[in-house]
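Engineer: Structure below; questions to follow.
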Amino acid sequence: MPLTLTVNGDAHQVLAEPHRTLLEVLRTDLGLTGTKENCLEAECGVCTVLLDGAAVNACILLAAQCQGRSIVTIEGLAAPGDMHPLQRAFIDHGAVQCGYCIPGMILSAKAYLDDNPEPSEDQVRQALAGNLCRCTGYQKITEAVMSAARTCRGAPRVPRGALSVGGLGAITGASARLSGPPA
Amino acid sequence: MTFNYHEPTSIRDAIDLGARFRRESRFLAGGTDLIIQIHRGRCAPRQVVSLHRVPGLDAIDVNGTITLGSLVTHRRLERAPEFQGALRALVESAEVIGGHQIRNVATVGGNIVNASPAADVVPVLITLDATVTCLGPEGERTMPLDGFASAPGVTALHPDELLTRATFPRLAPHSATAFLKAGRRRAMEISVVCVAARLTLDASFERCVDVRIALGAVAPTTIRARAAERSLEGRLLTDETMREAGRIAATECQPISDVRASARYRSLLVTALVPRALARCAERIRGGAS
């Protein structure tokens with residue numbers, strides 16, 4: 001079926017069968033390979049793009065569902081030759097090793113910071129919960145996002161290593177750490 | 001494995017398509033389950049009817065009774081100002097589903113009709129005595145959500161019907177809700193056990209007037225712990241009566257051992273989480289969140 005997709009501000013005409021995902025069309029038909037492909041089941045987040053400003057997994061979204069909506073991929077986050085503060089911060093903080101998860105990380109962070117310009121470190125970790133990284137660990141990524149948030153707010157950058165590690169725990173839901181259980 | 005794709009722009013057109021194609025077709029909402037099932041080859045619809053251009057299915061209505069349209073996303077639920085108080089369990093169950101990317105598209109209706117025993121929003125809706133409404137060529141049917149699912153992935157929804165909304169009454173005074181989920185990690189996790197509770201206390205804030213307890217991932221469908229509920233009704237809410245309710249609830253479930261946890265561990269979690277959920281309700285009522 002013929003589709004018109006608006007990607008990074010440009011309208012593209014593509015011919016795609018209805019079962020094809022946005023991820024396939026972005027990578028194969030439009031050559032936008034910055035959006036990565038991995039689990040194909042919305043578990044890992046490497047295929048994250050922005051759909052009408054919200055982070056979504058392109059691997060389980062039909063391209064046909066995206067007509068008339070605005071899609072932003074990592075290629076469209078900043079003008080060619082320029083960098084978004086998030087991209088700059090990931091480099092400055094050494095938050096990138098193999099790099100495969102980074103486009104998705106940055107777009108998830110972008111969507112979150114657009115809604116929450118002053119997040120806590122814990123909120124940043126929650127915001128990136130749908131993006132897996134198998135090499136850096138998440139500390140430097142979190143630091144980079146916190147730093148970019150400050151930059152976007154117009155505040156000076158804070159040197160890396162200035163943040164603490166959040167606690168781990170498995171009982172969520174009420175999401176808070178539970179105090180004084182009766183049992 | 002391709003299919004024909006339809007984008008109806010009215011609920012009537014959506015129902016007509018469902019009636020025309022019946023078992024050949026599937027309605028598509030957020031797609032976080034359906035598209036994965038299609039990719040895995042577990043279902044192969046010849047026709048996919050996307051609902052995202054059907055107006056009116058994504059509304060939250062709080063006039064009198066409370067209605068959640070089937071296309072309300074988990075993100076909407078998380079952020080709904082109406083649910084930040086006594087109905088906070090709705091937020092608590094929505095905000096632990098997947099990551100942001102999932103919650104931005106996954107819907108309440110999808111969570112209900114997918115009928116996973118580990119569904120997170122469903123136990124909360126069951127504690128709220130929610131009903132669900134299905135619309136088909138023969139008209140509307142409304143039935144209790146408790147019992148709507150009969151087995152994993154199986155519900156009372158007919159193949160040509162569309163789930164349009166879940167509805168529940170306003171909470172009585174001195175009521176609150178809570179939701180707890182146990183997983184192996186804090187995010188992107190299918191529940192090992194989840195527990196929802198709704199509690200109503202008397203004017204002294206000491207005695208249980210009415211209570212609902214629903215358990216997820218410990219039976220083929222979400223279940224109510226009715227004996228545990230009965231053990232509390234009319235009684236003083238104390239650490240001991242809450243613990244007893246937890247012990248009784250553990251006898252009412254039939255958990256399995258699987259890759260995520262053993263049956264024994266799941267039972268222990270029920271024993272521990274039911275009193276915690278009740279205590280959290282009580283804290284909220286006494287703290288004025290109701």
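Here's how to read the names in the structure tokens: chain A, B, ... by the order shown, residue numbers from 1 in each chain, ligand numbers from 1 in the order shown.
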For B:Asn114, work out the shell of residues within 12 Å, counting only C-alpha atoms and skipping chain neighbours fewer than 4 positions away, then give it as a PyMOL selection string.

Structural biologist: chain B and resi 26-34+37+106-110+118-122+148-157+163+221-222

Engineer: Deliver the residues from the most recent selection as a file, using N, CA and C atoms, as a short mmCIF file (atom, residue, chain, number, x, y, z; two decimals), in the first residue's frame.

Structural biologist:
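This is the output file result38.cif:
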data_model
loop_
_atom_site.label_atom_id
_atom_site.label_comp_id
_atom_site.auth_asym_id
_atom_site.auth_seq_id
_atom_site.Cartn_x
_atom_site.Cartn_y
_atom_site.Cartn_z
N ARG B 26 -8.59 -9.09 13.34
CA ARG B 26 -8.28 -8.69 14.71
C ARG B 26 -8.29 -7.17 14.77
N PHE B 27 -8.84 -6.67 15.88
CA PHE B 27 -8.75 -5.23 16.13
C PHE B 27 -7.36 -4.92 16.68
N LEU B 28 -6.79 -3.83 16.21
CA LEU B 28 -5.45 -3.41 16.65
C LEU B 28 -5.56 -2.14 17.47
N ALA B 29 -5.08 -2.19 18.70
CA ALA B 29 -5.04 -0.97 19.54
C ALA B 29 -3.58 -0.54 19.63
N GLY B 30 -2.92 -0.74 20.78
CA GLY B 30 -1.52 -0.34 20.89
C GLY B 30 -0.58 -1.28 20.14
N GLY B 31 -1.01 -2.53 19.97
CA GLY B 31 -0.21 -3.48 19.22
C GLY B 31 0.93 -4.12 19.99
N THR B 32 1.07 -3.78 21.28
CA THR B 32 2.23 -4.29 22.03
C THR B 32 2.12 -5.79 22.28
N ASP B 33 0.94 -6.34 22.19
CA ASP B 33 0.80 -7.79 22.22
C ASP B 33 0.53 -8.35 20.83
N LEU B 34 -0.45 -7.75 20.14
CA LEU B 34 -0.90 -8.34 18.87
C LEU B 34 0.23 -8.41 17.83
N GLN B 37 2.58 -11.14 18.68
CA GLN B 37 1.99 -12.45 18.41
C GLN B 37 1.99 -12.76 16.91
N ALA B 106 0.39 1.21 24.71
CA ALA B 106 -0.41 0.08 25.20
C ALA B 106 -1.67 0.61 25.90
N THR B 107 -2.79 -0.10 25.69
CA THR B 107 -4.08 0.41 26.15
C THR B 107 -4.68 -0.44 27.27
N VAL B 108 -5.60 0.18 27.98
CA VAL B 108 -6.35 -0.52 29.02
C VAL B 108 -7.18 -1.64 28.39
N GLY B 109 -7.81 -1.36 27.26
CA GLY B 109 -8.62 -2.39 26.61
C GLY B 109 -7.77 -3.57 26.18
N GLY B 110 -6.58 -3.28 25.69
CA GLY B 110 -5.67 -4.36 25.30
C GLY B 110 -5.27 -5.20 26.49
N ALA B 118 -1.05 -12.34 34.29
CA ALA B 118 -0.16 -11.39 34.97
C ALA B 118 -0.51 -9.94 34.64
N ALA B 119 -1.66 -9.69 34.04
CA ALA B 119 -2.06 -8.31 33.74
C ALA B 119 -2.01 -7.46 35.00
N ASP B 120 -1.57 -6.22 34.86
CA ASP B 120 -1.39 -5.38 36.05
C ASP B 120 -2.59 -4.47 36.34
N VAL B 121 -3.20 -3.91 35.30
CA VAL B 121 -4.33 -3.00 35.54
C VAL B 121 -5.60 -3.79 35.88
N VAL B 122 -5.71 -4.99 35.33
CA VAL B 122 -6.93 -5.79 35.53
C VAL B 122 -7.25 -6.04 37.01
N PHE B 148 -14.68 -12.21 33.31
CA PHE B 148 -14.65 -11.93 31.86
C PHE B 148 -13.59 -12.81 31.18
N ALA B 149 -12.44 -12.97 31.83
CA ALA B 149 -11.43 -13.89 31.31
C ALA B 149 -11.68 -15.27 31.91
N SER B 150 -11.60 -16.31 31.07
CA SER B 150 -11.83 -17.66 31.58
C SER B 150 -10.56 -18.50 31.55
N ALA B 151 -9.56 -18.08 30.83
CA ALA B 151 -8.28 -18.79 30.73
C ALA B 151 -7.29 -17.80 30.14
N PRO B 152 -5.99 -18.12 30.20
CA PRO B 152 -5.03 -17.18 29.60
C PRO B 152 -5.38 -16.91 28.14
N GLY B 153 -5.57 -15.65 27.80
CA GLY B 153 -5.86 -15.26 26.42
C GLY B 153 -7.30 -15.50 25.99
N VAL B 154 -8.14 -15.98 26.87
CA VAL B 154 -9.53 -16.30 26.50
C VAL B 154 -10.49 -15.44 27.32
N THR B 155 -11.39 -14.74 26.62
CA THR B 155 -12.38 -13.93 27.32
C THR B 155 -13.76 -14.18 26.73
N ALA B 156 -14.75 -13.53 27.33
CA ALA B 156 -16.13 -13.66 26.86
C ALA B 156 -16.40 -12.80 25.62
N LEU B 157 -15.40 -12.06 25.17
CA LEU B 157 -15.57 -11.22 23.97
C LEU B 157 -15.81 -12.10 22.74
N LEU B 163 -14.27 -4.41 22.56
CA LEU B 163 -14.38 -3.90 23.92
C LEU B 163 -14.32 -2.38 23.85
N THR B 221 -6.27 -17.01 35.53
CA THR B 221 -6.77 -15.65 35.29
C THR B 221 -6.54 -14.84 36.56
N THR B 222 -6.74 -13.52 36.46
CA THR B 222 -6.74 -12.70 37.66
C THR B 222 -7.88 -13.19 38.56
#

Engineer: Can you work out which residues from chain B touch chain A at a cut-off of 9 Å (counting only C-alpha atoms) and hand them back as a VMD selection string?

Structural biologist: chain B and resid 1 to 5 7 30 to 36 39 48 50 52 88 to 89 91 to 96 98 to 105 178 to 188 194 238 to 240 242 to 243 271 to 273 275 to 277 279 to 280

Engineer: Keeping only C-alpha atoms, write the selected residues to a file as a PDB file, in the first residue's frame.

Structural biologist:
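Output below, filename selection.pdb:
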ATOM      1  CA  MET B   1       2.078 -13.443   6.532  1.00  0.00           C
ATOM      2  CA  THR B   2       0.800 -10.150   5.336  1.00  0.00           C
ATOM      3  CA  PHE B   3      -2.737  -8.976   5.915  1.00  0.00           C
ATOM      4  CA  ASN B   4      -5.150  -6.368   4.717  1.00  0.00           C
ATOM      5  CA  TYR B   5      -5.104  -3.249   6.822  1.00  0.00           C
ATOM      6  CA  GLU B   7      -8.381   2.221   9.440  1.00  0.00           C
ATOM      7  CA  GLY B  30      -1.519  -0.341  20.887  1.00  0.00           C
ATOM      8  CA  GLY B  31      -0.211  -3.483  19.217  1.00  0.00           C
ATOM      9  CA  THR B  32       2.232  -4.289  22.025  1.00  0.00           C
ATOM     10  CA  ASP B  33       0.799  -7.795  22.224  1.00  0.00           C
ATOM     11  CA  LEU B  34      -0.899  -8.336  18.869  1.00  0.00           C
ATOM     12  CA  ILE B  35       2.006  -7.329  16.624  1.00  0.00           C
ATOM     13  CA  ILE B  36       4.396  -9.493  18.627  1.00  0.00           C
ATOM     14  CA  HIS B  39       5.550 -11.798  14.341  1.00  0.00           C
ATOM     15  CA  VAL B  48      -6.183  -6.050  10.785  1.00  0.00           C
ATOM     16  CA  SER B  50      -6.615  -0.477  13.506  1.00  0.00           C
ATOM     17  CA  HIS B  52      -6.412   4.571  16.290  1.00  0.00           C
ATOM     18  CA  ARG B  88      -4.036   5.705  43.044  1.00  0.00           C
ATOM     19  CA  ALA B  89      -3.804   1.949  42.455  1.00  0.00           C
ATOM     20  CA  VAL B  91      -1.650   4.847  38.516  1.00  0.00           C
ATOM     21  CA  GLU B  92       0.496   2.360  40.415  1.00  0.00           C
ATOM     22  CA  SER B  93      -0.495  -0.497  38.129  1.00  0.00           C
ATOM     23  CA  ALA B  94      -0.129   1.512  34.927  1.00  0.00           C
ATOM     24  CA  GLU B  95       3.282   2.979  35.755  1.00  0.00           C
ATOM     25  CA  VAL B  96       4.997  -0.395  36.198  1.00  0.00           C
ATOM     26  CA  GLY B  98       6.934  -2.009  30.376  1.00  0.00           C
ATOM     27  CA  GLY B  99       8.929   1.124  29.726  1.00  0.00           C
ATOM     28  CA  HIS B 100       7.765   4.529  28.545  1.00  0.00           C
ATOM     29  CA  GLN B 101       7.708   3.311  24.945  1.00  0.00           C
ATOM     30  CA  ILE B 102       5.194   0.602  25.832  1.00  0.00           C
ATOM     31  CA  ARG B 103       3.058   2.766  28.096  1.00  0.00           C
ATOM     32  CA  ASN B 104       2.789   5.447  25.413  1.00  0.00           C
ATOM     33  CA  VAL B 105       0.858   3.061  23.174  1.00  0.00           C
ATOM     34  CA  ALA B 178      -3.315   0.163  46.514  1.00  0.00           C
ATOM     35  CA  PHE B 179      -1.393  -1.972  44.048  1.00  0.00           C
ATOM     36  CA  LEU B 180       1.821  -3.885  44.646  1.00  0.00           C
ATOM     37  CA  LYS B 181       3.853  -5.793  42.110  1.00  0.00           C
ATOM     38  CA  ALA B 182       6.687  -8.195  42.767  1.00  0.00           C
ATOM     39  CA  GLY B 183       9.117  -8.812  39.950  1.00  0.00           C
ATOM     40  CA  ARG B 184      12.730  -9.779  39.627  1.00  0.00           C
ATOM     41  CA  ARG B 185      13.645  -6.228  38.742  1.00  0.00           C
ATOM     42  CA  ARG B 186      11.956  -2.877  39.005  1.00  0.00           C
ATOM     43  CA  ALA B 187      11.131  -2.143  35.381  1.00  0.00           C
ATOM     44  CA  MET B 188      10.229  -3.902  32.135  1.00  0.00           C
ATOM     45  CA  CYS B 194       0.689  -8.620  41.772  1.00  0.00           C
ATOM     46  CA  THR B 238      -5.207  -4.762  62.748  1.00  0.00           C
ATOM     47  CA  ASP B 239      -1.819  -6.168  61.863  1.00  0.00           C
ATOM     48  CA  GLU B 240      -3.135  -9.563  62.906  1.00  0.00           C
ATOM     49  CA  MET B 242      -4.396  -8.201  57.811  1.00  0.00           C
ATOM     50  CA  ARG B 243      -1.807 -10.965  58.168  1.00  0.00           C
ATOM     51  CA  THR B 271       1.022 -13.964  52.108  1.00  0.00           C
ATOM     52  CA  ALA B 272       3.338 -10.973  52.417  1.00  0.00           C
ATOM     53  CA  LEU B 273       1.904  -8.545  49.876  1.00  0.00           C
ATOM     54  CA  PRO B 275      -1.285  -7.312  54.258  1.00  0.00           C
ATOM     55  CA  ARG B 276       1.052  -4.675  52.848  1.00  0.00           C
ATOM     56  CA  ALA B 277      -1.515  -3.620  50.263  1.00  0.00           C
ATOM     57  CA  ALA B 279      -1.970  -1.441  55.240  1.00  0.00           C
ATOM     58  CA  ARG B 280      -1.222   0.952  52.413  1.00  0.00           C
TER      59      ARG B 280
END

Engineer: Write out as a ChimeraX atom specification all residues of stretch 196-288 of chain B that backbone DSSP assigns to alpha helix (DSSP H).

Structural biologist: /B:226-232,239-252,263-286

Engineer: Taking the chain letters and numbering used in this document, name the residues of stretch 48-270 of chain B that DSSP puts in strand (DSSP E or B), as an MDAnalysis selection string.

Structural biologist: chainID B and resid 48:50 60:61 66:69 73 107 131:136 139:144 149:151 154:155 162:168 175:182 193:201 207:216 223:224 236

Engineer: Have a look at B:Val270, B:Arg264, B:Glu233, B:Ala219 and name the one nearest to B:Arg247; count only C-alpha atoms.

Structural biologist: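 Ranked by minimum distance to B:Arg247, first place goes to B:Val270.
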
Engineer: Neighbours of A:Val145 within 10 Å (only C-alpha atoms; same-chain residues fewer than 5 positions away dropped), as a ChimeraX atom specification?

Structural biologist: /A:85-87,89-90,93,95,105-106,109-110,113,119,121,124-125,128,140,150-151

Engineer: Let me see the file: selected residues, N, CA and C atoms, as a PDB file, in the first residue's frame.

Structural biologist:
ATOM      1  N   PRO A  85      22.027  18.884  22.725  1.00  0.00           N
ATOM      2  CA  PRO A  85      22.746  18.819  24.014  1.00  0.00           C
ATOM      3  C   PRO A  85      22.860  17.400  24.573  1.00  0.00           C
ATOM      4  N   LEU A  86      21.868  16.553  24.295  1.00  0.00           N
ATOM      5  CA  LEU A  86      21.968  15.172  24.769  1.00  0.00           C
ATOM      6  C   LEU A  86      23.123  14.443  24.075  1.00  0.00           C
ATOM      7  N   GLN A  87      23.246  14.644  22.787  1.00  0.00           N
ATOM      8  CA  GLN A  87      24.335  13.986  22.044  1.00  0.00           C
ATOM      9  C   GLN A  87      25.691  14.472  22.557  1.00  0.00           C
ATOM     10  N   ALA A  89      26.333  15.683  25.486  1.00  0.00           N
ATOM     11  CA  ALA A  89      26.557  15.205  26.859  1.00  0.00           C
ATOM     12  C   ALA A  89      26.975  13.737  26.879  1.00  0.00           C
ATOM     13  N   PHE A  90      26.401  12.923  25.990  1.00  0.00           N
ATOM     14  CA  PHE A  90      26.792  11.503  25.952  1.00  0.00           C
ATOM     15  C   PHE A  90      28.282  11.390  25.597  1.00  0.00           C
ATOM     16  N   HIS A  93      30.471  12.733  28.652  1.00  0.00           N
ATOM     17  CA  HIS A  93      30.454  11.885  29.846  1.00  0.00           C
ATOM     18  C   HIS A  93      30.922  10.461  29.572  1.00  0.00           C
ATOM     19  N   ALA A  95      29.540   8.217  27.818  1.00  0.00           N
ATOM     20  CA  ALA A  95      28.387   7.341  28.034  1.00  0.00           C
ATOM     21  C   ALA A  95      28.204   6.344  26.889  1.00  0.00           C
ATOM     22  N   MET A 105      18.484   5.409  23.465  1.00  0.00           N
ATOM     23  CA  MET A 105      18.655   6.059  24.770  1.00  0.00           C
ATOM     24  C   MET A 105      18.390   7.559  24.653  1.00  0.00           C
ATOM     25  N   ILE A 106      19.003   8.140  23.625  1.00  0.00           N
ATOM     26  CA  ILE A 106      18.919   9.601  23.488  1.00  0.00           C
ATOM     27  C   ILE A 106      17.491  10.033  23.165  1.00  0.00           C
ATOM     28  N   ALA A 109      15.388   9.743  26.267  1.00  0.00           N
ATOM     29  CA  ALA A 109      15.730  10.856  27.164  1.00  0.00           C
ATOM     30  C   ALA A 109      15.130  12.158  26.653  1.00  0.00           C
ATOM     31  N   LYS A 110      15.181  12.354  25.334  1.00  0.00           N
ATOM     32  CA  LYS A 110      14.618  13.586  24.746  1.00  0.00           C
ATOM     33  C   LYS A 110      13.124  13.696  25.059  1.00  0.00           C
ATOM     34  N   LEU A 113      12.727  14.477  28.825  1.00  0.00           N
ATOM     35  CA  LEU A 113      13.122  15.834  29.226  1.00  0.00           C
ATOM     36  C   LEU A 113      12.165  16.891  28.669  1.00  0.00           C
ATOM     37  N   PRO A 119      14.408  16.614  36.012  1.00  0.00           N
ATOM     38  CA  PRO A 119      14.204  15.288  36.601  1.00  0.00           C
ATOM     39  C   PRO A 119      15.197  14.996  37.710  1.00  0.00           C
ATOM     40  N   GLU A 121      17.622  12.005  39.482  1.00  0.00           N
ATOM     41  CA  GLU A 121      18.395  10.918  38.876  1.00  0.00           C
ATOM     42  C   GLU A 121      17.532   9.656  38.781  1.00  0.00           C
ATOM     43  N   VAL A 124      15.265   9.787  35.851  1.00  0.00           N
ATOM     44  CA  VAL A 124      15.979   9.525  34.598  1.00  0.00           C
ATOM     45  C   VAL A 124      16.150   8.024  34.407  1.00  0.00           C
ATOM     46  N   ARG A 125      16.507   7.331  35.491  1.00  0.00           N
ATOM     47  CA  ARG A 125      16.667   5.871  35.380  1.00  0.00           C
ATOM     48  C   ARG A 125      15.351   5.209  34.986  1.00  0.00           C
ATOM     49  N   LEU A 128      14.526   5.686  31.335  1.00  0.00           N
ATOM     50  CA  LEU A 128      15.329   4.885  30.414  1.00  0.00           C
ATOM     51  C   LEU A 128      15.152   3.382  30.653  1.00  0.00           C
ATOM     52  N   LYS A 140      26.977   6.293  33.620  1.00  0.00           N
ATOM     53  CA  LYS A 140      27.421   7.421  32.795  1.00  0.00           C
ATOM     54  C   LYS A 140      26.304   7.928  31.894  1.00  0.00           C
ATOM     55  N   ARG A 150      20.425  19.904  32.496  1.00  0.00           N
ATOM     56  CA  ARG A 150      20.887  21.207  32.998  1.00  0.00           C
ATOM     57  C   ARG A 150      21.210  22.145  31.836  1.00  0.00           C
ATOM     58  N   THR A 151      21.863  21.595  30.817  1.00  0.00           N
ATOM     59  CA  THR A 151      22.206  22.417  29.649  1.00  0.00           C
ATOM     60  C   THR A 151      20.940  22.956  28.984  1.00  0.00           C
TER      61      THR A 151
END

Engineer: Considering only C-alpha atoms, return as an MDAnalysis selection string whatever protein or nucleic-acid residues lie within 10 Å of B:Glu138, sequence-local ones (same chain, fewer than 6 positions apart) excluded.

Structural biologist: chainID B and resid 15 19 160:161

Engineer: Could you tell me how far atom CA of B:Ser70 sits from atom CA of B:Ala166, in Å to one decimal place?

Structural biologist: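 Result for atom CA of B:Ala166 versus atom CA of B:Ser70: 7.0 Å, one decimal.
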